[in-house]
Structures are given as structure tokens and as C-alpha cells.
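J.: Pasting a structure here, questions to come.
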Amino acid sequence: AVVSTQSTGEEEPKPVFSWDKREELDPADYCLENLEGETRGKLPGQINGQQFSIENCKDCVLFVLDNVASLTVDDCTNCVIFIGPSKGSVFIRDCTDVKLAVICQQFRTRDCKRIETHLHSNTQPIIEASVGMRFACLQINYPHLEDQVASAGISLFNNEWSNIYDFTPVEHAANFSLLGETAKFDTFLTREHISSVSNSDKVEFSSYNSMFPLTVGNRNDRDGFGKSVLLSLFLGRSGKHSEIGTVLKGVQHSECRLRRSKETRMNTDTVLRIYGDAADVQNFSKFAKDGPVIGFEVEGDTDTLRKTLPRPQDILVYLSTDDTSAKDINNFFNYVDMTMST
């Protein structure tokens, strides 16, 4: 049989690829620029992990209540700006007298003056050619924040807010300082600011309900908080954020505070090396195979803490003794620093 190759005159349909179906993005939806004296913002779901920019704004209150790929702030003066979880960097350039709240993987500034930043950053913040910089540990919660943090791949417990690297230091002076636990971002806001953007009063800047733990960081103020212990939580497969919160509220109620925190994964050998003297070390190893380990350096009335610390059902809790605390703290945080630098 002979197969005819003669054309029927009808054109064959062109193949349609997935990139042909992408909705075109309007660049104007992914920036806030040239504003003065305004309160503006973006709500959850309006950015969805795209890049975003804020530029040339003065005397404004600006909210980005969504996760972004990365974000830049340029040439802003006397503004209050909240920046939701950034999967990449947040870069602040040529800004003056700005109050910031930032959740990110990396934070950088260049050519800035008198910036106060309430920060949650998974990596070391960097300042360059910047003066009068002040930093605090960010405390915040609002609907959808937990999902946004997960989408941005940000750890709730790896916060380097106080570990500032100054790329351009000067002799006999400091370009930055660290604020205490009483520093609150909502000092610069009214409830009307928040409700005018989000149509809700559910954005909270309270340490009690914060998604992120409040840590002292590198501030040199141990007076009255002499004792330190290692508190470790083994989440396994079933550990929930609410159970971590229960433990941390127990720390607060015991008149203790968190110096620092880290989240990591551990194999059996590492668990045995750090927690080998603990009676429950075999169960620690089993839980570590299935989930993260979160460690806190806790300081304060640790004797009361041992008596009152909650121990939720689905996670394992380790609290070092006075005899092992110094060794345990060094071993845990040195291990995490080593694994994060490789």
C-alpha cells in the first residue's frame, strides 16, 4: 500500500509548552515607589515569592505581608517598613532614618544612616559604609506567617540578628549597637496603620506570641543571669511548633531567658558525642534520625527551670546539669557552627 504524503491544507496545531501558559506579571505590582506620607502594603498571596523593590519613599509606613524571592530598599527617608520572609537577600541602600522589621536569609546595608532593624536573619548580617545602625531581635506573628516562612526556607531558630559583620569599621567607634529585649517594633506604629493595610488587627509584635524566639544574642549583659544550661528539643516525626512554644513559655515563666538558639540535624554518632552521658541518649538518637534538633542556651534561674519545665508528649527534652552545662553548650553550638560553615 502507498501512503499519501499530500498535505490536506490544514496546519498542524503548534505544541503548547508550560512556559507559554505563564501569566504575565505586571512590574507595577511588585514595587512600592515614589510615595510620600502614605500607608501602603501588600497582603498574603499578592507577591507569592516574586522579587520586590521599595524605592524613593519618604515619611511612609509600608508593609510587605507576603514571602518574596529577594527585596531591595533604595533611597528611602523617615519610613517604617515591614518586610515578610525573603528566600534570598534583603538589601538596604542609601536610606536614612528608617525603621525596619525584616525576616530573611541574608541582610545587607550599604551607605545608610540611622537605621533601626528588628531582624530575623538565618545568616550573618553585613553592613557597609553605614553608621548609626541599631539592631534588635524581631518579635512578630500574623496569619499565614508560618506558611510563608516555610516557603522561604527560613529556620525559626537560626537567628544571627546580633552577629553583625561591619565591612567598613572605623577606629575608636562602633557603627552599630544592639538593643535590649524591651525594644518593640510597634512603638513606631499605630493600630490604624496596621488595620488600614491588612483590614485586620492580627499582626502582633509581642514576644509572648511571636513566631520567633526572643534571644539576647551577643549583648554583653550577663549580670543577674549567671548560670547557663543547654536545652535541647528532639522533634522526631511528630514534633509540632505549638509544643516548642509550650516549652519556651515555660522558660519565660521560670524567669530565664534565651541567649541563643540553633536548629540542626544530627546522626547517631553526633548525638552520642554531645549527649552521651544522658540516660535517654538512645531515644535521642532515634528521634534525631526522623527530625531536627533545636538547641537553646538558657540563662537565669535554672534550678527553678528544672522543676517547672514542661515536657510535651511528642518531643524529647534534654536539660543539662550544672556539671555538664559548659561542655554541652560548647559541643552543641560548635557542632552547628561547623556544619553551617561547610
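Going through the C-alpha cells in order, the chains are called A, B, and so on, while each chain numbers its residues from 1 and the ligands are numbered from 1 in the order shown.
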Using only C-alpha atoms, determine which residues lie at most 10 Å from Arg219 in chain A, disregarding the query and same-chain residues fewer than 6 positions distant; provide the list as a list in words.
T.: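 My reading of the contact set: Ser162, Asn163, Ser177, Leu178, Leu179, Gly180 and Arg259 of chain A.
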J.: Do you know which residues are at most 12 Å from Thr190 in chain A counting only C-alpha atoms, after dropping those on the same chain fewer than 2 positions away, and could you put them as number ranges by chain?
T.: A: 39, 61, 80, 185-188, 192-197, 201, 203-205
J.: Kindly save the residues from that selection, with C-alpha atoms included, as a CSV table (one decimal), in the first residue's frame.
T.:
chain,number,residue,atom,x,y,z
A,39,THR,CA,0.5,53.9,54.4
A,61,VAL,CA,4.5,53.2,56.6
A,80,VAL,CA,8.7,52.5,58.8
A,185,PHE,CA,8.8,47.5,66.6
A,186,ASP,CA,5.2,48.5,67.1
A,187,THR,CA,6.5,51.6,69.0
A,188,PHE,CA,6.6,53.2,65.6
A,192,GLU,CA,-4.7,52.2,62.4
A,193,HIS,CA,-1.5,51.8,60.4
A,194,ILE,CA,-1.9,48.0,60.5
A,195,SER,CA,-5.7,47.8,60.0
A,196,SER,CA,-5.5,50.2,57.1
A,197,VAL,CA,-3.3,47.8,55.2
A,201,ASP,CA,-5.7,43.7,63.9
A,203,VAL,CA,-0.5,41.5,63.2
A,204,GLU,CA,1.2,41.2,66.6
A,205,PHE,CA,4.7,42.4,67.7
J.: Given only C-alpha atoms as the basis, pick out the residue of A:Lys307, A:Arg110, A:Lys327, A:Lys99 nearest to Val131 in chain A.
T.: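 Of A:Lys307, A:Arg110, A:Lys327, A:Lys99, the one nearest Val131 in chain A, counting only C-alpha atoms, is A:Arg110.
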J.: To test your reading of the structure, identify every residue in range 7-121 of chain A that backbone DSSP assigns to strand (DSSP E), and report it as a ChimeraX atom specification.
T.: /A:31-33,39-42,52-55,61-64,71-74,80-93,96-110,113-121
J.: Would you please work out which residue, of A:Val68, A:Ile83, A:Asn220, A:Asn34, is nearest to Glu55 in chain A when using only C-alpha atoms?
T.: A:Asn34
J.: Have a look at CA of Asp290 in chain A and CA of Phe332 in chain A and let me know their distance in Å, one decimal.
T.: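 Atom-to-atom, CA of Asp290 in chain A to CA of Phe332 in chain A, that is 18.6 Å.
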J.: List the spatial neighbours of Glu128 in chain A as a tab-separated table (two decimals) with C-alpha atoms, in the first residue's frame - criterion: any atom at most 8 Å away, only C-alpha atoms, same-chain residues fewer than 2 positions off excluded.
T.:
chain	number	residue	atom	x	y	z
A	108	ARG	CA	22.86	43.74	53.99
A	109	THR	CA	23.09	47.51	54.11
A	110	ARG	CA	25.24	50.00	52.20
A	111	ASP	CA	25.51	53.79	52.53
A	126	ILE	CA	26.53	42.70	56.85
A	130	SER	CA	26.72	52.59	57.25
A	166	ASP	CA	30.95	45.55	59.64
A	167	PHE	CA	32.68	45.62	56.26
A	168	THR	CA	33.98	49.16	56.86
J.: Show which residues sit within 10 Å of range 256-258 of chain A, as a ChimeraX atom specification. Count only C-alpha atoms, and ignore same-chain residues fewer than 5 positions away.
T.: /A:181,213-217,225,227-229,231,248,250-251,296-302,304-305
J.: Would you list the contacts of range 265-268 of chain A as a PyMOL selection string, taking every protein, DNA or RNA residue within 9 Å and counting only C-alpha atoms, but skipping same-chain residues closer than 4 positions in sequence?
T.: chain A and resi 272-273+282+284-286+288-289+291-294+336
J.: Write a file of the just-selected residues containing all heavy atoms, as a tab-separated table (two decimals), in the first residue's frame.
T.:
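Output file out-v2.tsv is given in full below:
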chain	number	residue	atom	x	y	z
A	272	LEU	N	25.53	10.82	70.23
A	272	LEU	CA	26.28	10.13	71.28
A	272	LEU	C	27.43	11.00	71.80
A	272	LEU	O	27.73	11.01	73.00
A	272	LEU	CB	26.82	8.80	70.77
A	272	LEU	CG	25.77	7.73	70.47
A	272	LEU	CD1	26.42	6.51	69.82
A	272	LEU	CD2	25.04	7.33	71.75
A	273	ARG	N	28.07	11.75	70.89
A	273	ARG	CA	29.19	12.59	71.32
A	273	ARG	C	28.73	13.75	72.19
A	273	ARG	O	29.39	14.10	73.17
A	273	ARG	CB	29.93	13.11	70.08
A	273	ARG	CG	31.12	14.01	70.41
A	273	ARG	CD	32.00	14.20	69.19
A	273	ARG	NE	31.24	14.73	68.08
A	273	ARG	CZ	30.98	16.03	67.90
A	273	ARG	NH1	31.37	16.90	68.79
A	273	ARG	NH2	30.31	16.44	66.84
A	282	GLN	N	19.67	6.96	73.86
A	282	GLN	CA	19.25	6.07	72.78
A	282	GLN	C	17.97	6.58	72.12
A	282	GLN	O	17.83	6.54	70.89
A	282	GLN	CB	19.05	4.64	73.31
A	282	GLN	CG	20.33	3.99	73.81
A	282	GLN	CD	21.43	3.93	72.75
A	282	GLN	OE1	21.15	3.75	71.56
A	282	GLN	NE2	22.67	4.09	73.18
A	284	PHE	N	17.09	9.73	72.13
A	284	PHE	CA	17.50	10.94	71.42
A	284	PHE	C	17.98	10.58	70.01
A	284	PHE	O	17.65	11.27	69.04
A	284	PHE	CB	18.64	11.65	72.17
A	284	PHE	CG	18.23	12.26	73.49
A	284	PHE	CD1	19.20	12.67	74.40
A	284	PHE	CD2	16.90	12.45	73.82
A	284	PHE	CE1	18.84	13.25	75.61
A	284	PHE	CE2	16.52	13.03	75.03
A	284	PHE	CZ	17.51	13.42	75.93
A	285	SER	N	18.75	9.52	69.90
A	285	SER	CA	19.28	9.10	68.59
A	285	SER	C	18.14	8.72	67.65
A	285	SER	O	18.16	9.06	66.46
A	285	SER	CB	20.23	7.92	68.77
A	285	SER	OG	21.37	8.29	69.50
A	286	LYS	N	17.14	8.00	68.15
A	286	LYS	CA	16.01	7.60	67.31
A	286	LYS	C	15.25	8.82	66.81
A	286	LYS	O	14.88	8.91	65.63
A	286	LYS	CB	15.07	6.69	68.09
A	286	LYS	CG	15.69	5.33	68.45
A	286	LYS	CD	14.73	4.51	69.32
A	286	LYS	CE	15.37	3.20	69.74
A	286	LYS	NZ	14.47	2.42	70.64
A	288	ALA	N	16.41	11.87	66.52
A	288	ALA	CA	17.27	12.69	65.65
A	288	ALA	C	17.30	12.16	64.22
A	288	ALA	O	17.51	12.92	63.27
A	288	ALA	CB	18.68	12.75	66.22
A	289	LYS	N	17.07	10.86	64.04
A	289	LYS	CA	17.02	10.29	62.68
A	289	LYS	C	15.83	10.81	61.90
A	289	LYS	O	15.87	10.90	60.67
A	289	LYS	CB	16.95	8.77	62.76
A	289	LYS	CG	18.24	8.09	63.19
A	289	LYS	CD	18.04	6.57	63.24
A	289	LYS	CE	19.31	5.87	63.69
A	289	LYS	NZ	19.13	4.39	63.78
A	291	GLY	N	13.93	13.78	62.61
A	291	GLY	CA	13.57	15.19	62.66
A	291	GLY	C	14.70	16.04	63.19
A	291	GLY	O	15.75	15.53	63.61
A	292	PRO	N	14.51	17.36	63.20
A	292	PRO	CA	15.57	18.27	63.64
A	292	PRO	C	15.77	18.25	65.15
A	292	PRO	O	14.92	17.80	65.91
A	292	PRO	CB	15.06	19.64	63.17
A	292	PRO	CG	13.57	19.50	63.14
A	292	PRO	CD	13.31	18.08	62.73
A	293	VAL	N	16.93	18.77	65.54
A	293	VAL	CA	17.25	19.00	66.93
A	293	VAL	C	17.42	20.52	67.11
A	293	VAL	O	18.13	21.15	66.34
A	293	VAL	CB	18.55	18.29	67.35
A	293	VAL	CG1	18.86	18.53	68.83
A	293	VAL	CG2	18.47	16.80	67.05
A	294	ILE	N	16.76	21.07	68.10
A	294	ILE	CA	16.83	22.50	68.36
A	294	ILE	C	17.48	22.70	69.71
A	294	ILE	O	17.07	22.11	70.72
A	294	ILE	CB	15.44	23.16	68.34
A	294	ILE	CG1	14.75	22.88	67.02
A	294	ILE	CG2	15.55	24.66	68.59
A	294	ILE	CD1	13.29	23.27	67.00
A	336	VAL	N	27.10	22.96	65.44
A	336	VAL	CA	26.22	23.65	64.50
A	336	VAL	C	27.01	24.66	63.66
A	336	VAL	O	26.83	24.75	62.44
A	336	VAL	CB	25.07	24.34	65.24
A	336	VAL	CG1	24.20	25.12	64.26
A	336	VAL	CG2	24.22	23.31	65.97
J.: What are the DSSP alpha helix (DSSP H) residues of range 25-260 of chain A, as a ChimeraX atom specification?
T.: /A:145-151,191-198,241-253
